[in-house]
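A.B. asks: Input structure: start.pdb, which contains PDB, C-alpha atoms.
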MODEL        1
ATOM      1  CA  MET O   4     -28.231  -5.820 -40.342  1.00  0.00           C
ATOM      2  CA  ALA O   5     -26.627  -7.603 -37.386  1.00  0.00           C
ATOM      3  CA  LEU O   6     -24.494  -4.557 -36.624  1.00  0.00           C
ATOM      4  CA  SER O   7     -27.475  -2.198 -36.585  1.00  0.00           C
ATOM      5  CA  THR O   8     -29.441  -4.598 -34.356  1.00  0.00           C
ATOM      6  CA  GLN O   9     -26.521  -4.805 -31.963  1.00  0.00           C
ATOM      7  CA  SER O  10     -26.104  -1.014 -31.844  1.00  0.00           C
ATOM      8  CA  LEU O  11     -29.870  -0.585 -31.329  1.00  0.00           C
ATOM      9  CA  ALA O  12     -29.752  -3.045 -28.414  1.00  0.00           C
ATOM     10  CA  SER O  13     -26.795  -1.156 -26.943  1.00  0.00           C
ATOM     11  CA  VAL O  14     -28.637   2.168 -27.172  1.00  0.00           C
ATOM     12  CA  THR O  15     -31.746   0.607 -25.599  1.00  0.00           C
ATOM     13  CA  TYR O  16     -29.691  -0.735 -22.700  1.00  0.00           C
ATOM     14  CA  GLN O  17     -28.054   2.655 -22.137  1.00  0.00           C
ATOM     15  CA  VAL O  18     -31.420   4.467 -22.194  1.00  0.00           C
ATOM     16  CA  SER O  19     -32.807   1.924 -19.720  1.00  0.00           C
ATOM     17  CA  SER O  20     -29.807   2.426 -17.410  1.00  0.00           C
ATOM     18  CA  VAL O  21     -30.219   6.211 -17.504  1.00  0.00           C
ATOM     19  CA  ALA O  22     -33.968   5.962 -16.868  1.00  0.00           C
ATOM     20  CA  THR O  23     -33.417   3.606 -13.889  1.00  0.00           C
ATOM     21  CA  ALA O  24     -30.835   5.963 -12.388  1.00  0.00           C
ATOM     22  CA  LEU O  25     -33.163   8.940 -12.904  1.00  0.00           C
ATOM     23  CA  LEU O  26     -36.053   7.148 -11.179  1.00  0.00           C
ATOM     24  CA  ARG O  27     -33.838   6.263  -8.207  1.00  0.00           C
ATOM     25  CA  LEU O  28     -32.732   9.871  -7.964  1.00  0.00           C
ATOM     26  CA  LEU O  29     -36.340  11.093  -8.028  1.00  0.00           C
ATOM     27  CA  GLU O  30     -37.310   8.586  -5.310  1.00  0.00           C
ATOM     28  CA  LEU O  31     -34.439   9.780  -3.103  1.00  0.00           C
ATOM     29  CA  GLN O  32     -35.437  13.402  -3.613  1.00  0.00           C
ATOM     30  CA  ALA O  33     -39.074  12.609  -2.775  1.00  0.00           C
ATOM     31  CA  ALA O  34     -37.972  10.861   0.439  1.00  0.00           C
ATOM     32  CA  GLN O  35     -35.827  13.855   1.374  1.00  0.00           C
ATOM     33  CA  LEU O  36     -38.737  16.231   0.699  1.00  0.00           C
ATOM     34  CA  ARG O  37     -41.015  14.139   2.932  1.00  0.00           C
ATOM     35  CA  GLN O  38     -38.389  14.262   5.699  1.00  0.00           C
ATOM     36  CA  VAL O  39     -38.036  18.063   5.361  1.00  0.00           C
ATOM     37  CA  GLU O  40     -41.832  18.419   5.452  1.00  0.00           C
ATOM     38  CA  ALA O  41     -42.028  16.323   8.619  1.00  0.00           C
ATOM     39  CA  ASP O  42     -39.255  18.367  10.245  1.00  0.00           C
ATOM     40  CA  ILE O  43     -41.006  21.633   9.383  1.00  0.00           C
ATOM     41  CA  THR O  44     -44.299  20.356  10.783  1.00  0.00           C
ATOM     42  CA  CYS O  45     -42.586  19.279  13.997  1.00  0.00           C
ATOM     43  CA  VAL O  46     -40.845  22.642  14.404  1.00  0.00           C
ATOM     44  CA  ALA O  47     -44.040  24.533  13.654  1.00  0.00           C
ATOM     45  CA  GLN O  48     -45.972  22.608  16.281  1.00  0.00           C
ATOM     46  CA  ARG O  49     -43.289  23.184  18.896  1.00  0.00           C
ATOM     47  CA  PHE O  50     -42.821  26.918  18.363  1.00  0.00           C
ATOM     48  CA  LEU O  51     -46.423  27.819  17.816  1.00  0.00           C
ATOM     49  CA  GLY O  52     -47.392  25.891  20.925  1.00  0.00           C
ATOM     50  CA  PHE O  53     -50.716  24.620  19.705  1.00  0.00           C
ATOM     51  CA  SER O  54     -52.826  23.257  22.489  1.00  0.00           C
ATOM     52  CA  ALA O  55     -56.275  21.927  22.484  1.00  0.00           C
ATOM     53  CA  PRO O  56     -58.887  24.415  23.664  1.00  0.00           C
ATOM     54  CA  SER O  57     -60.104  23.664  27.168  1.00  0.00           C
ATOM     55  CA  SER O  58     -63.037  24.855  29.173  1.00  0.00           C
ATOM     56  CA  LEU O  59     -60.887  27.558  30.764  1.00  0.00           C
ATOM     57  CA  THR O  60     -59.689  29.010  27.468  1.00  0.00           C
ATOM     58  CA  PRO O  61     -62.129  30.819  25.249  1.00  0.00           C
ATOM     59  CA  LEU O  62     -62.557  29.259  21.854  1.00  0.00           C
ATOM     60  CA  GLY O  63     -60.411  30.648  19.113  1.00  0.00           C
ATOM     61  CA  ILE O  64     -57.570  31.764  21.417  1.00  0.00           C
ATOM     62  CA  LEU O  65     -54.479  29.605  21.443  1.00  0.00           C
ATOM     63  CA  ALA O  66     -52.596  29.203  24.691  1.00  0.00           C
ATOM     64  CA  ALA O  67     -48.811  29.046  24.719  1.00  0.00           C
ATOM     65  CA  PRO O  68     -47.144  26.712  27.191  1.00  0.00           C
ATOM     66  CA  ASP O  69     -45.469  28.398  30.149  1.00  0.00           C
ATOM     67  CA  ASP O  70     -42.011  26.965  29.443  1.00  0.00           C
ATOM     68  CA  LEU O  71     -41.900  28.317  25.872  1.00  0.00           C
ATOM     69  CA  GLU O  72     -39.054  30.780  25.365  1.00  0.00           C
ATOM     70  CA  LEU O  73     -40.041  33.583  23.105  1.00  0.00           C
ATOM     71  CA  LEU O  74     -37.546  34.577  20.448  1.00  0.00           C
ATOM     72  CA  PRO O  75     -36.267  38.153  20.461  1.00  0.00           C
ATOM     73  CA  PRO O  76     -37.684  40.320  17.721  1.00  0.00           C
ATOM     74  CA  PRO O  77     -35.664  40.388  14.500  1.00  0.00           C
ATOM     75  CA  PRO O  78     -33.402  43.369  13.954  1.00  0.00           C
ATOM     76  CA  ALA O  79     -34.864  46.242  12.035  1.00  0.00           C
ATOM     77  CA  LEU O  80     -34.245  46.140   8.331  1.00  0.00           C
ATOM     78  CA  PRO O  81     -31.991  48.921   7.080  1.00  0.00           C
ATOM     79  CA  GLU O  82     -33.337  51.531   4.760  1.00  0.00           C
ATOM     80  CA  PHE O  83     -32.980  50.945   1.026  1.00  0.00           C
ATOM     81  CA  GLY O  84     -30.248  53.559   0.779  1.00  0.00           C
ATOM     82  CA  ASP O  85     -28.112  51.650   3.294  1.00  0.00           C
ATOM     83  CA  LEU O  86     -28.015  48.568   1.070  1.00  0.00           C
ATOM     84  CA  THR O  87     -26.179  50.175  -1.835  1.00  0.00           C
ATOM     85  CA  PRO O  88     -22.415  49.720  -1.632  1.00  0.00           C
ATOM     86  CA  ALA O  89     -20.192  52.740  -1.801  1.00  0.00           C
ATOM     87  CA  VAL O  90     -18.660  52.985  -5.256  1.00  0.00           C
ATOM     88  CA  PRO O  91     -15.294  54.725  -5.410  1.00  0.00           C
ATOM     89  CA  GLU O  92     -14.920  57.553  -7.840  1.00  0.00           C
ATOM     90  CA  PHE O  93     -13.121  56.944 -11.109  1.00  0.00           C
ATOM     91  CA  GLY O  94     -10.217  59.092 -10.036  1.00  0.00           C
ATOM     92  CA  ASP O  95      -9.557  56.766  -7.094  1.00  0.00           C
ATOM     93  CA  LEU O  96      -8.976  53.813  -9.423  1.00  0.00           C
ATOM     94  CA  THR O  97      -6.232  55.286 -11.591  1.00  0.00           C
ATOM     95  CA  PRO O  98      -2.743  54.226 -10.507  1.00  0.00           C
ATOM     96  CA  ALA O  99      -0.191  56.878  -9.731  1.00  0.00           C
ATOM     97  CA  VAL O 100       2.426  57.209 -12.495  1.00  0.00           C
ATOM     98  CA  PRO O 101       5.934  57.936 -11.204  1.00  0.00           C
ATOM     99  CA  GLU O 102       7.674  60.994 -12.577  1.00  0.00           C
ATOM    100  CA  PHE O 103      10.971  60.349 -14.390  1.00  0.00           C
ATOM    101  CA  GLY O 104      11.898  63.915 -15.213  1.00  0.00           C
ATOM    102  CA  ASP O 105      13.657  64.482 -18.529  1.00  0.00           C
ATOM    103  CA  LEU O 106      14.637  60.830 -19.112  1.00  0.00           C
ATOM    104  CA  ALA O 107      14.034  59.864 -22.716  1.00  0.00           C
ATOM    105  CA  PRO O 108      13.218  56.268 -23.683  1.00  0.00           C
ATOM    106  CA  PRO O 109      16.113  54.289 -25.127  1.00  0.00           C
ATOM    107  CA  PRO O 110      16.301  54.116 -28.907  1.00  0.00           C
ATOM    108  CA  PRO O 111      14.855  50.989 -30.530  1.00  0.00           C
ATOM    109  CA  PRO O 112      17.346  48.361 -31.682  1.00  0.00           C
ATOM    110  CA  ALA O 113      18.531  48.645 -35.252  1.00  0.00           C
ATOM    111  CA  VAL O 114      16.781  46.375 -37.693  1.00  0.00           C
ATOM    112  CA  PRO O 115      19.362  44.358 -39.638  1.00  0.00           C
ATOM    113  CA  GLU O 116      19.381  44.507 -43.395  1.00  0.00           C
ATOM    114  CA  PHE O 117      18.734  41.294 -45.325  1.00  0.00           C
ATOM    115  CA  GLY O 118      22.389  41.072 -46.212  1.00  0.00           C
ATOM    116  CA  ASP O 119      23.333  41.312 -42.507  1.00  0.00           C
ATOM    117  CA  LEU O 120      21.768  37.920 -41.767  1.00  0.00           C
ATOM    118  CA  THR O 121      24.705  35.963 -43.181  1.00  0.00           C
ATOM    119  CA  PRO O 122      27.198  34.845 -40.524  1.00  0.00           C
ATOM    120  CA  THR O 123      30.408  36.775 -40.443  1.00  0.00           C
ATOM    121  CA  VAL O 124      33.730  34.983 -40.386  1.00  0.00           C
ATOM    122  CA  PRO O 125      36.352  36.749 -38.316  1.00  0.00           C
ATOM    123  CA  GLU O 126      39.243  38.071 -40.330  1.00  0.00           C
ATOM    124  CA  PHE O 127      42.723  37.383 -39.082  1.00  0.00           C
ATOM    125  CA  GLY O 128      44.409  39.842 -41.412  1.00  0.00           C
ATOM    126  CA  ASP O 129      47.829  38.797 -42.589  1.00  0.00           C
ATOM    127  CA  LEU O 130      48.187  36.200 -39.882  1.00  0.00           C
ATOM    128  CA  ALA O 131      48.853  32.864 -41.474  1.00  0.00           C
ATOM    129  CA  PRO O 132      48.857  29.654 -39.464  1.00  0.00           C
ATOM    130  CA  PRO O 133      52.342  28.644 -38.437  1.00  0.00           C
ATOM    131  CA  PRO O 134      53.773  25.850 -40.512  1.00  0.00           C
ATOM    132  CA  PRO O 135      53.670  22.573 -38.650  1.00  0.00           C
ATOM    133  CA  PRO O 136      56.826  20.597 -38.138  1.00  0.00           C
ATOM    134  CA  ALA O 137      57.286  18.399 -41.196  1.00  0.00           C
ATOM    135  CA  SER O 138      58.759  15.433 -39.356  1.00  0.00           C
ATOM    136  CA  GLU O 139      55.690  14.774 -37.119  1.00  0.00           C
ATOM    137  CA  ASP O 140      52.944  15.004 -39.754  1.00  0.00           C
ATOM    138  CA  PRO O 141      51.780  11.948 -41.682  1.00  0.00           C
ATOM    139  CA  PRO O 142      52.011  12.052 -45.461  1.00  0.00           C
ATOM    140  CA  TRP O 143      48.251  12.730 -45.908  1.00  0.00           C
ATOM    141  CA  ALA O 144      48.350  15.892 -43.720  1.00  0.00           C
ATOM    142  CA  PRO O 145      47.526  19.183 -45.490  1.00  0.00           C
ATOM    143  CA  GLN O 146      50.327  21.660 -46.156  1.00  0.00           C
ATOM    144  CA  SER O 147      48.717  24.323 -43.945  1.00  0.00           C
ATOM    145  CA  TYR O 148      46.290  23.807 -41.057  1.00  0.00           C
ATOM    146  CA  LEU O 149      45.161  25.571 -37.903  1.00  0.00           C
ATOM    147  CA  GLU O 150      45.475  22.792 -35.390  1.00  0.00           C
ATOM    148  CA  LYS O 151      46.202  19.093 -34.977  1.00  0.00           C
ATOM    149  CA  VAL O 152      43.471  17.351 -32.923  1.00  0.00           C
ATOM    150  CA  VAL O 153      42.496  13.889 -31.793  1.00  0.00           C
ATOM    151  CA  ALA O 154      38.891  12.578 -31.620  1.00  0.00           C
ATOM    152  CA  LEU O 155      37.519  11.950 -28.133  1.00  0.00           C
ATOM    153  CA  TYR O 156      34.131  10.417 -29.017  1.00  0.00           C
ATOM    154  CA  PRO O 157      32.692   8.435 -31.905  1.00  0.00           C
ATOM    155  CA  TYR O 158      30.624  10.411 -34.402  1.00  0.00           C
ATOM    156  CA  THR O 159      28.854   9.151 -37.536  1.00  0.00           C
ATOM    157  CA  GLY O 160      28.501  11.745 -40.272  1.00  0.00           C
ATOM    158  CA  GLN O 161      24.887  12.585 -41.113  1.00  0.00           C
ATOM    159  CA  LYS O 162      25.659  14.101 -44.543  1.00  0.00           C
ATOM    160  CA  ASP O 163      28.198  13.532 -47.282  1.00  0.00           C
ATOM    161  CA  THR O 164      30.090  16.655 -46.208  1.00  0.00           C
ATOM    162  CA  GLU O 165      30.528  15.428 -42.605  1.00  0.00           C
ATOM    163  CA  LEU O 166      33.413  13.305 -41.351  1.00  0.00           C
ATOM    164  CA  SER O 167      32.842  10.212 -39.247  1.00  0.00           C
ATOM    165  CA  LEU O 168      35.080  10.072 -36.183  1.00  0.00           C
ATOM    166  CA  GLU O 169      36.516   7.206 -34.168  1.00  0.00           C
ATOM    167  CA  PRO O 170      38.024   7.822 -30.713  1.00  0.00           C
ATOM    168  CA  GLY O 171      41.765   8.424 -30.984  1.00  0.00           C
ATOM    169  CA  ALA O 172      41.676   9.322 -34.711  1.00  0.00           C
ATOM    170  CA  LEU O 173      44.091  12.082 -35.768  1.00  0.00           C
ATOM    171  CA  LEU O 174      42.620  15.086 -37.623  1.00  0.00           C
ATOM    172  CA  PHE O 175      43.961  18.370 -38.969  1.00  0.00           C
ATOM    173  CA  VAL O 176      41.672  21.413 -38.549  1.00  0.00           C
ATOM    174  CA  THR O 177      41.789  23.713 -41.569  1.00  0.00           C
ATOM    175  CA  ARG O 178      38.880  26.020 -40.609  1.00  0.00           C
ATOM    176  CA  ARG O 179      36.716  26.816 -37.536  1.00  0.00           C
ATOM    177  CA  PHE O 180      33.116  28.035 -37.756  1.00  0.00           C
ATOM    178  CA  SER O 181      31.339  30.265 -35.240  1.00  0.00           C
ATOM    179  CA  ASP O 182      28.688  27.588 -34.556  1.00  0.00           C
ATOM    180  CA  GLY O 183      31.292  25.191 -33.085  1.00  0.00           C
ATOM    181  CA  TRP O 184      31.871  23.020 -36.149  1.00  0.00           C
ATOM    182  CA  CYS O 185      35.286  22.540 -37.755  1.00  0.00           C
ATOM    183  CA  GLU O 186      36.484  21.700 -41.246  1.00  0.00           C
ATOM    184  CA  GLY O 187      39.402  19.363 -41.453  1.00  0.00           C
ATOM    185  CA  VAL O 188      41.210  16.411 -42.946  1.00  0.00           C
ATOM    186  CA  ALA O 189      41.298  12.852 -41.654  1.00  0.00           C
ATOM    187  CA  GLU O 190      43.448   9.989 -42.982  1.00  0.00           C
ATOM    188  CA  GLN O 191      41.214   9.090 -45.922  1.00  0.00           C
ATOM    189  CA  SER O 192      38.715  11.970 -46.247  1.00  0.00           C
ATOM    190  CA  SER O 193      37.944  15.587 -45.491  1.00  0.00           C
ATOM    191  CA  GLY O 194      34.815  17.366 -44.295  1.00  0.00           C
ATOM    192  CA  ILE O 195      33.207  19.031 -41.308  1.00  0.00           C
ATOM    193  CA  PHE O 196      32.866  17.624 -37.792  1.00  0.00           C
ATOM    194  CA  PRO O 197      31.712  18.863 -34.348  1.00  0.00           C
ATOM    195  CA  GLY O 198      34.492  20.778 -32.611  1.00  0.00           C
ATOM    196  CA  ASN O 199      33.484  19.576 -29.134  1.00  0.00           C
ATOM    197  CA  TYR O 200      34.224  15.945 -30.129  1.00  0.00           C
ATOM    198  CA  VAL O 201      37.976  16.619 -30.446  1.00  0.00           C
ATOM    199  CA  GLU O 202      40.804  18.069 -28.397  1.00  0.00           C
ATOM    200  CA  PRO O 203      44.184  19.506 -29.411  1.00  0.00           C
ATOM    201  CA  VAL O 204      47.161  17.173 -29.428  1.00  0.00           C
TER     202      VAL O 204
ENDMDL
END
Kindly present the structure from the file in structure tokens form.

C.D. replies:
Amino acid sequence: MALSTQSLASVTYQVSSVATALLRLLELQAAQLRQVEADITCVAQRFLGFSAPSSLTPLGILAAPDDLELLPPPPALPEFGDLTPAVPEFGDLTPAVPEFGDLAPPPPPAVPEFGDLTPTVPEFGDLAPPPPPASEDPPWAPQSYLEKVVALYPYTGQKDTELSLEPGALLFVTRRFSDGWCEGVAEQSSGIFPGNYVEPV
């Protein structure tokens, strides 16, 4: 009940504010209309040159003061036909199309098959990675790898298949992907990691 009374009072106050503003606006407009009416009356009296009839002027004839400058007559109104704008013909609105001779449009691009959407891994043929020197590799290093790298930046793996990197950590790259990620082996684990976080040793 208290909430509805409060909201009713708020609505009443808002309606009162709007009504007060509307009344002020109407009063201002009425004052402006009175001013315009007074200006028109003043202009009319000046240009029409009303003067009181005197004994020298016959009744019913208004005399204009001698110093009144008469306005030139308004220009003649044009005929109705002159007021219509000239409409260009439809042919004028069409753009000119350049001629290209016997040029045929290029063929549309080939739509890939569903099977073509899988990324392709480049084939290296019979090229096998060179065997690394056995004396420099730690005991946990894989038997064959593409590259020995060191981590430049820290990286925390977001998934179980991702390796976490510490700066200066030694890694062995066993596979590179086209999206920039690498698969490799670290001291205690293996997984994928971003290739731009490492550099070759």

A.B. asks: Show which residues sit within 12 Å of Gln161 of chain O, as a list in words. Count only C-alpha atoms, and ignore same-chain residues fewer than 6 positions away.

C.D. replies: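 Close residues of Gln161 of chain O: Ser167, Leu168, Gly194, Ile195, Phe196 and Pro197 of chain O.
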
A.B. asks: Select, from O:Ala22, O:Ala33, O:Phe175, O:Tyr156, the residue with the minimum atom-to-atom distance to Gln191 of chain O, counting all atoms listed in the file.

C.D. replies: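 Smallest separation from Gln191 of chain O among the options: O:Phe175.
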
A.B. asks: Could you check how far atom CA of Cys185 of chain O sits from atom CA of Val153 of chain O, in Å to one decimal?

C.D. replies: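 Calculated distance between atom CA of Cys185 of chain O and atom CA of Val153 of chain O is 12.7 Å.
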
A.B. asks: What's the separation between atom CA of Val204 of chain O and atom CA of Thr164 of chain O, in Å to one decimal place?

C.D. replies: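 Pair atom CA of Val204 of chain O / atom CA of Thr164 of chain O returns 23.9 Å.
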
A.B. asks: Mind pulling up the distance from atom CA of Pro142 of chain O to atom CA of Gly183 of chain O?

C.D. replies: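 Between atom CA of Gly183 of chain O and atom CA of Pro142 of chain O the gap is 27.5 Å.
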
A.B. asks: Taking the file as shown, what set of residues would the PyMOL selection byres ((chain O and resi 145) around 10) give back, as a PyMOL selection string?

C.D. replies: chain O and resi 135+140-144+146-148+175-177+187-189

A.B. asks: Box time for segment 145-148 of chain O: axis-aligned, enclosing all its listed atoms, 8 Å extra on each side; report centre and edge lengths in Å to one decimal, as JSON.

C.D. replies:
{"center_x": 48.3, "center_y": 21.8, "center_z": -43.6, "size_x": 20.0, "size_y": 21.1, "size_z": 21.1}

A.B. asks: Counting all atoms listed in the file, figure out which residue out of O:Glu190, O:Glu165, O:Glu202, O:Asp182 gets nearest to Lys151 of chain O.

C.D. replies: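 Selected residue with least distance to Lys151 of chain O: O:Glu202.
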
A.B. asks: Out of O:Leu26, O:Val21, O:Val201, O:Ala41, which residue has the shortest atom-to-atom distance to Pro170 of chain O when counting all atoms listed in the file?

C.D. replies: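 Residue with the minimum atom-to-atom distance to Pro170 of chain O: O:Val201.
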